[in-house]
$ cat model_28.pdb   # PDB, C-alpha atoms
ATOM      1  CA  VAL A  62      64.413-133.424  19.711
ATOM      2  CA  GLN A  63      63.992-136.851  21.264
ATOM      3  CA  LEU A  64      64.711-137.845  24.837
ATOM      4  CA  GLN A  65      65.638-141.337  25.990
ATOM      5  CA  ALA A  66      65.464-141.911  29.714
ATOM      6  CA  SER A  67      66.708-144.885  31.680
ATOM      7  CA  GLY A  68      67.528-145.967  35.205
ATOM      8  CA  GLY A  69      64.245-146.358  37.033
ATOM      9  CA  GLY A  70      63.417-149.366  39.141
ATOM     10  CA  LEU A  71      62.534-150.732  42.528
ATOM     11  CA  VAL A  72      64.610-149.833  45.560
ATOM     12  CA  GLN A  73      64.197-150.021  49.301
ATOM     13  CA  ALA A  74      63.833-146.911  51.393
ATOM     14  CA  GLY A  75      67.218-145.389  52.056
ATOM     15  CA  GLY A  76      68.624-146.728  48.822
ATOM     16  CA  SER A  77      69.879-144.976  45.725
ATOM     17  CA  LEU A  78      69.137-144.839  42.017
ATOM     18  CA  LYS A  79      70.611-142.955  39.088
ATOM     19  CA  LEU A  80      68.503-141.756  36.196
ATOM     20  CA  SER A  81      69.947-140.795  32.827
ATOM     21  CA  CYS A  82      68.390-139.000  29.895
ATOM     22  CA  ALA A  83      70.025-138.426  26.540
ATOM     23  CA  ALA A  84      68.744-135.863  24.057
ATOM     24  CA  SER A  85      69.145-136.344  20.349
ATOM     25  CA  GLY A  86      68.312-134.104  17.438
ATOM     26  CA  SER A  87      68.675-130.372  17.045
ATOM     27  CA  THR A  88      68.943-129.238  20.640
ATOM     28  CA  GLY A  89      70.909-126.132  19.799
ATOM     29  CA  THR A  90      72.601-124.362  22.687
ATOM     30  CA  ASN A  91      71.381-122.653  25.861
ATOM     31  CA  TYR A  92      68.720-125.149  26.805
ATOM     32  CA  ILE A  93      67.490-126.438  30.139
ATOM     33  CA  MET A  94      67.320-130.113  31.002
ATOM     34  CA  GLY A  95      65.388-131.394  33.955
ATOM     35  CA  TRP A  96      63.446-134.079  35.707
ATOM     36  CA  TYR A  97      59.817-133.964  36.722
ATOM     37  CA  ARG A  98      57.799-136.593  38.515
ATOM     38  CA  GLN A  99      54.184-137.550  38.829
ATOM     39  CA  ALA A 100      52.882-139.717  41.621
ATOM     40  CA  PRO A 101      49.474-141.424  41.394
ATOM     41  CA  GLY A 102      46.704-138.915  41.905
ATOM     42  CA  LYS A 103      49.073-135.964  41.967
ATOM     43  CA  GLN A 104      50.160-133.299  39.530
ATOM     44  CA  ARG A 105      53.451-133.450  37.743
ATOM     45  CA  GLU A 106      56.081-131.497  39.646
ATOM     46  CA  LEU A 107      59.597-130.287  39.028
ATOM     47  CA  VAL A 108      62.252-132.366  40.755
ATOM     48  CA  ALA A 109      65.376-130.648  39.475
ATOM     49  CA  SER A 110      66.608-128.725  36.470
ATOM     50  CA  ILE A 111      69.951-127.548  35.150
ATOM     51  CA  SER A 112      70.740-124.995  32.500
ATOM     52  CA  SER A 113      73.505-125.145  29.926
ATOM     53  CA  GLY A 114      75.453-122.771  32.119
ATOM     54  CA  GLY A 115      75.013-124.914  35.206
ATOM     55  CA  THR A 116      72.250-123.059  37.033
ATOM     56  CA  ILE A 117      70.433-125.640  39.146
ATOM     57  CA  LYS A 118      67.020-125.727  40.772
ATOM     58  CA  TYR A 119      65.724-128.380  43.157
ATOM     59  CA  ALA A 120      62.370-129.052  44.687
ATOM     60  CA  ASP A 121      62.548-128.454  48.417
ATOM     61  CA  SER A 122      61.579-132.068  49.057
ATOM     62  CA  VAL A 123      64.712-133.431  47.356
ATOM     63  CA  LYS A 124      67.333-130.879  48.380
ATOM     64  CA  GLY A 125      70.306-132.585  49.997
ATOM     65  CA  ARG A 126      69.270-136.000  48.692
ATOM     66  CA  PHE A 127      69.176-135.667  44.897
ATOM     67  CA  THR A 128      71.907-134.328  42.624
ATOM     68  CA  ILE A 129      71.376-133.259  39.039
ATOM     69  CA  SER A 130      74.211-132.932  36.548
ATOM     70  CA  ARG A 131      74.667-132.785  32.805
ATOM     71  CA  ASP A 132      77.214-133.637  30.175
ATOM     72  CA  ASN A 133      76.809-130.966  27.520
ATOM     73  CA  PRO A 134      78.835-132.651  24.737
ATOM     74  CA  LYS A 135      76.719-135.784  25.230
ATOM     75  CA  HIS A 136      73.447-133.821  25.647
ATOM     76  CA  THR A 137      72.743-135.972  28.676
ATOM     77  CA  VAL A 138      71.312-135.166  32.067
ATOM     78  CA  TYR A 139      71.677-137.307  35.169
ATOM     79  CA  LEU A 140      69.790-137.488  38.442
ATOM     80  CA  VAL A 141      71.423-139.268  41.361
ATOM     81  CA  MET A 142      68.849-140.013  44.000
ATOM     82  CA  ASN A 143      70.071-140.911  47.467
ATOM     83  CA  SER A 144      68.234-141.597  50.713
ATOM     84  CA  LEU A 145      65.125-142.471  48.776
ATOM     85  CA  ARG A 146      61.800-142.403  50.556
ATOM     86  CA  PRO A 147      58.496-144.092  49.755
ATOM     87  CA  GLU A 148      57.093-140.660  48.916
ATOM     88  CA  ASP A 149      59.628-140.414  46.076
ATOM     89  CA  THR A 150      57.705-143.156  44.288
ATOM     90  CA  ALA A 151      56.533-141.743  40.971
ATOM     91  CA  VAL A 152      56.980-141.818  37.247
ATOM     92  CA  TYR A 153      59.958-139.602  36.480
ATOM     93  CA  TYR A 154      59.985-137.662  33.225
ATOM     94  CA  CYS A 155      62.937-136.092  31.499
ATOM     95  CA  ASN A 156      62.357-132.663  29.973
ATOM     96  CA  THR A 157      64.317-130.295  27.809
ATOM     97  CA  LYS A 158      63.283-126.786  26.999
ATOM     98  CA  ARG A 159      64.655-123.708  25.390
ATOM     99  CA  THR A 160      63.171-120.381  26.403
ATOM    100  CA  VAL A 161      64.764-118.247  23.700
ATOM    101  CA  THR A 162      64.147-118.479  19.973
ATOM    102  CA  PRO A 163      63.799-121.156  18.759
ATOM    103  CA  VAL A 164      61.615-122.025  21.724
ATOM    104  CA  TYR A 165      60.870-125.682  22.410
ATOM    105  CA  ASP A 166      59.670-127.986  25.157
ATOM    106  CA  TYR A 167      60.076-131.739  24.824
ATOM    107  CA  TRP A 168      59.331-134.666  27.115
ATOM    108  CA  GLY A 169      60.801-138.116  27.313
ATOM    109  CA  GLN A 170      58.940-141.263  28.151
ATOM    110  CA  GLY A 171      58.526-141.756  31.859
ATOM    111  CA  THR A 172      60.568-144.110  33.946
ATOM    112  CA  LEU A 173      59.032-145.608  37.059
ATOM    113  CA  VAL A 174      60.790-145.282  40.388
ATOM    114  CA  THR A 175      59.318-147.335  43.202
ATOM    115  CA  VAL A 176      60.616-147.008  46.742
ATOM    116  CA  SER A 177      59.463-149.683  49.129
ATOM    117  CA  SER A 178      59.236-149.118  52.866
TER
END

$ encode --input "model_28.pdb" --output "structure tokens"
Amino acid sequence: VQLQASGGGLVQAGGSLKLSCAASGSTGTNYIMGWYRQAPGKQRELVASISSGGTIKYADSVKGRFTISRDNPKHTVYLVMNSLRPEDTAVYYCNTKRTVTPVYDYWGQGTLVTVSS
């Protein structure tokens, strides 16, 4: 499975960005897609994830500001980020994982999101 992410960039505080990530290859069914981020000097953390069935998880810090969605036929996950803050600045990574056989866990290349104050 390969992941191709796009949509990062530079935005002013209060602005919006939309990230996209398309999976290709043998994804199978019943897999989770999500976004993680890693800021300089910090550990990678979950931003949001969504299962094939639509179960969604958000980090507390982005609830009410970010919205994750997916297009199952296109194997694509989206992250709409509104009301961006300087503390949202990080490299954002797309992830897909399957927790039942066949188990897998794949990462896309990171996309940089920079929020200026």

$ axis_aligned_box --input "model_28.pdb" --around "region 74-83 of chain A" --padding-each-side "8 Å" --output "JSON"
{"center_x": 67.2, "center_y": -142.7, "center_z": 39.3, "size_x": 22.8, "size_y": 24.5, "size_z": 41.5}

$ resolve_selection --input "model_28.pdb" --expression "the PyMOL selection byres ((chain A and resi 116) around 12)" --output "NGL selection string"
:A and (91-95 or 109-115 or 117-119 or 129-131)

$ write_last_selection --input "model_28.pdb" --atoms "C-alpha atoms" --output "compact mmCIF listing (two decimals), in the frame of the given file"
# COMPACT_ATOMS: atom_id res chain seq x y z
CA ASN A 91 71.38 -122.65 25.86
CA TYR A 92 68.72 -125.15 26.80
CA ILE A 93 67.49 -126.44 30.14
CA MET A 94 67.32 -130.11 31.00
CA GLY A 95 65.39 -131.39 33.96
CA ALA A 109 65.38 -130.65 39.48
CA SER A 110 66.61 -128.72 36.47
CA ILE A 111 69.95 -127.55 35.15
CA SER A 112 70.74 -125.00 32.50
CA SER A 113 73.50 -125.14 29.93
CA GLY A 114 75.45 -122.77 32.12
CA GLY A 115 75.01 -124.91 35.21
CA ILE A 117 70.43 -125.64 39.15
CA LYS A 118 67.02 -125.73 40.77
CA TYR A 119 65.72 -128.38 43.16
CA ILE A 129 71.38 -133.26 39.04
CA SER A 130 74.21 -132.93 36.55
CA ARG A 131 74.67 -132.78 32.80

$ resolve_selection --input "model_28.pdb" --expression "the PyMOL selection byres ((chain A and resi 137) around 12)" --output "JSON, numbers by chain"
{"A": [63, 64, 65, 66, 67, 80, 81, 82, 83, 84, 85, 88, 92, 93, 94, 95, 96, 111, 112, 113, 129, 130, 131, 132, 133, 134, 135, 136, 138, 139, 140, 155, 156, 157]}

$ closest_residue --input "model_28.pdb" --among "A:Gln104, A:Ser77, A:Thr150, A:Thr160" --to "Thr90 (chain A)" --atoms "only C-alpha atoms"
A:Thr160

$ resolve_selection --input "model_28.pdb" --expression "the PyMOL selection byres ((chain A and resi 153) around 10)" --output "list in words"
Ala66, Ser67, Gly68, Gly69, Leu80, Trp96, Tyr97, Arg98, Gln99, Ala100, Arg105, Glu106, Leu107, Val108, Asp149, Thr150, Ala151, Val152, Tyr154, Cys155, Asn156, Gly169, Gln170, Gly171, Thr172, Leu173 and Val174 of chain A

$ write_last_selection --input "model_28.pdb" --atoms "C-alpha atoms" --output "short mmCIF file (atom, residue, chain, number, x, y, z; two decimals), in the frame of the given file"
data_model
loop_
_atom_site.label_atom_id
_atom_site.label_comp_id
_atom_site.auth_asym_id
_atom_site.auth_seq_id
_atom_site.Cartn_x
_atom_site.Cartn_y
_atom_site.Cartn_z
CA ALA A 66 65.46 -141.91 29.71
CA SER A 67 66.71 -144.88 31.68
CA GLY A 68 67.53 -145.97 35.20
CA GLY A 69 64.24 -146.36 37.03
CA LEU A 80 68.50 -141.76 36.20
CA TRP A 96 63.45 -134.08 35.71
CA TYR A 97 59.82 -133.96 36.72
CA ARG A 98 57.80 -136.59 38.52
CA GLN A 99 54.18 -137.55 38.83
CA ALA A 100 52.88 -139.72 41.62
CA ARG A 105 53.45 -133.45 37.74
CA GLU A 106 56.08 -131.50 39.65
CA LEU A 107 59.60 -130.29 39.03
CA VAL A 108 62.25 -132.37 40.76
CA ASP A 149 59.63 -140.41 46.08
CA THR A 150 57.70 -143.16 44.29
CA ALA A 151 56.53 -141.74 40.97
CA VAL A 152 56.98 -141.82 37.25
CA TYR A 154 59.98 -137.66 33.22
CA CYS A 155 62.94 -136.09 31.50
CA ASN A 156 62.36 -132.66 29.97
CA GLY A 169 60.80 -138.12 27.31
CA GLN A 170 58.94 -141.26 28.15
CA GLY A 171 58.53 -141.76 31.86
CA THR A 172 60.57 -144.11 33.95
CA LEU A 173 59.03 -145.61 37.06
CA VAL A 174 60.79 -145.28 40.39
#

$ atom_distance --input "model_28.pdb" --atom1 "CA of Pro101 (chain A)" --atom2 "CA of Thr175 (chain A)"
11.6 Å

$ atom_distance --input "model_28.pdb" --atom1 "CA of Asp121 (chain A)" --atom2 "CA of Trp168 (chain A)"
22.4 Å

$ residues_around --input "model_28.pdb" --residues "Val141 (chain A)" --least-positions-apart "5" --cutoff "6 Å" --atoms "only C-alpha atoms" --output "list of chain:residue names"
A:Lys79, A:Phe127, A:Thr128

$ closest_residue --input "model_28.pdb" --among "A:Tyr167, A:Lys124, A:Val161, A:Gly76" --to "Ser144 (chain A)" --atoms "all atoms listed in the file"
A:Gly76

$ atom_distance --input "model_28.pdb" --atom1 "CA of Val123 (chain A)" --atom2 "CA of Val72 (chain A)"
16.5 Å

$ closest_residue --input "model_28.pdb" --among "A:Gly125, A:Gly89, A:Pro147, A:Gly102" --to "Arg159 (chain A)" --atoms "all atoms listed in the file"
A:Gly89

$ closest_residue --input "model_28.pdb" --among "A:Asn143, A:Ser177, A:Thr162, A:Ser87" --to "Gln73 (chain A)" --atoms "all atoms listed in the file"
A:Ser177

$ decode --input "model_28.pdb" --residues "region 69-132 of chain A" --atoms "C-alpha atoms" --output "PDB file, in the first residue's frame"
ATOM      1  CA  GLY A  69       0.084  21.383   3.186  1.00  0.00           C
ATOM      2  CA  GLY A  70       1.360  24.924   3.101  1.00  0.00           C
ATOM      3  CA  LEU A  71       1.660  28.241   4.841  1.00  0.00           C
ATOM      4  CA  VAL A  72      -1.401  29.934   6.283  1.00  0.00           C
ATOM      5  CA  GLN A  73      -2.078  32.719   8.728  1.00  0.00           C
ATOM      6  CA  ALA A  74      -3.605  32.039  12.103  1.00  0.00           C
ATOM      7  CA  GLY A  75      -7.346  31.690  11.788  1.00  0.00           C
ATOM      8  CA  GLY A  76      -7.083  30.395   8.256  1.00  0.00           C
ATOM      9  CA  SER A  77      -7.943  27.044   6.751  1.00  0.00           C
ATOM     10  CA  LEU A  78      -6.250  24.238   4.859  1.00  0.00           C
ATOM     11  CA  LYS A  79      -7.404  20.931   3.431  1.00  0.00           C
ATOM     12  CA  LEU A  80      -5.181  17.882   3.361  1.00  0.00           C
ATOM     13  CA  SER A  81      -5.814  14.897   1.114  1.00  0.00           C
ATOM     14  CA  CYS A  82      -4.294  11.443   1.110  1.00  0.00           C
ATOM     15  CA  ALA A  83      -4.946   8.750  -1.455  1.00  0.00           C
ATOM     16  CA  ALA A  84      -4.101   5.104  -0.847  1.00  0.00           C
ATOM     17  CA  SER A  85      -3.159   2.805  -3.670  1.00  0.00           C
ATOM     18  CA  GLY A  86      -2.450  -0.893  -3.745  1.00  0.00           C
ATOM     19  CA  SER A  87      -4.116  -3.738  -1.916  1.00  0.00           C
ATOM     20  CA  THR A  88      -5.863  -1.927   0.904  1.00  0.00           C
ATOM     21  CA  GLY A  89      -8.544  -4.550   1.292  1.00  0.00           C
ATOM     22  CA  THR A  90     -11.570  -3.589   3.355  1.00  0.00           C
ATOM     23  CA  ASN A  91     -12.123  -2.581   6.983  1.00  0.00           C
ATOM     24  CA  TYR A  92      -9.107  -0.355   7.369  1.00  0.00           C
ATOM     25  CA  ILE A  93      -8.519   2.847   9.291  1.00  0.00           C
ATOM     26  CA  MET A  94      -7.183   6.003   7.698  1.00  0.00           C
ATOM     27  CA  GLY A  95      -5.876   8.877   9.727  1.00  0.00           C
ATOM     28  CA  TRP A  96      -3.651  11.863  10.157  1.00  0.00           C
ATOM     29  CA  TYR A  97      -0.840  12.264  12.637  1.00  0.00           C
ATOM     30  CA  ARG A  98       1.418  15.235  13.162  1.00  0.00           C
ATOM     31  CA  GLN A  99       4.846  15.878  14.546  1.00  0.00           C
ATOM     32  CA  ALA A 100       6.001  19.293  15.632  1.00  0.00           C
ATOM     33  CA  PRO A 101       9.705  20.081  16.120  1.00  0.00           C
ATOM     34  CA  GLY A 102      10.978  18.520  19.309  1.00  0.00           C
ATOM     35  CA  LYS A 103       7.739  16.679  19.975  1.00  0.00           C
ATOM     36  CA  GLN A 104       6.469  13.158  19.518  1.00  0.00           C
ATOM     37  CA  ARG A 105       4.195  12.205  16.695  1.00  0.00           C
ATOM     38  CA  GLU A 106       0.574  12.396  17.792  1.00  0.00           C
ATOM     39  CA  LEU A 107      -2.778  11.353  16.418  1.00  0.00           C
ATOM     40  CA  VAL A 108      -4.784  14.216  14.956  1.00  0.00           C
ATOM     41  CA  ALA A 109      -7.798  12.319  13.662  1.00  0.00           C
ATOM     42  CA  SER A 110      -8.734   8.914  12.329  1.00  0.00           C
ATOM     43  CA  ILE A 111     -11.714   7.379  10.578  1.00  0.00           C
ATOM     44  CA  SER A 112     -12.616   3.761  10.065  1.00  0.00           C
ATOM     45  CA  SER A 113     -14.199   2.208   7.003  1.00  0.00           C
ATOM     46  CA  GLY A 114     -17.478   2.267   8.869  1.00  0.00           C
ATOM     47  CA  GLY A 115     -17.170   5.939   9.735  1.00  0.00           C
ATOM     48  CA  THR A 116     -16.038   5.774  13.354  1.00  0.00           C
ATOM     49  CA  ILE A 117     -14.069   8.956  14.014  1.00  0.00           C
ATOM     50  CA  LYS A 118     -11.548   9.949  16.651  1.00  0.00           C
ATOM     51  CA  TYR A 119     -10.086  13.411  17.183  1.00  0.00           C
ATOM     52  CA  ALA A 120      -7.358  14.746  19.378  1.00  0.00           C
ATOM     53  CA  ASP A 121      -8.855  17.020  22.003  1.00  0.00           C
ATOM     54  CA  SER A 122      -6.782  19.918  20.696  1.00  0.00           C
ATOM     55  CA  VAL A 123      -8.467  19.857  17.272  1.00  0.00           C
ATOM     56  CA  LYS A 124     -12.056  19.001  18.181  1.00  0.00           C
ATOM     57  CA  GLY A 125     -14.453  21.547  16.719  1.00  0.00           C
ATOM     58  CA  ARG A 126     -11.821  22.907  14.339  1.00  0.00           C
ATOM     59  CA  PHE A 127     -10.743  19.947  12.194  1.00  0.00           C
ATOM     60  CA  THR A 128     -12.972  17.575  10.238  1.00  0.00           C
ATOM     61  CA  ILE A 129     -11.864  14.225   8.884  1.00  0.00           C
ATOM     62  CA  SER A 130     -13.720  12.406   6.129  1.00  0.00           C
ATOM     63  CA  ARG A 131     -13.064   9.650   3.636  1.00  0.00           C
ATOM     64  CA  ASP A 132     -14.164   8.527   0.221  1.00  0.00           C
TER      65      ASP A 132
END
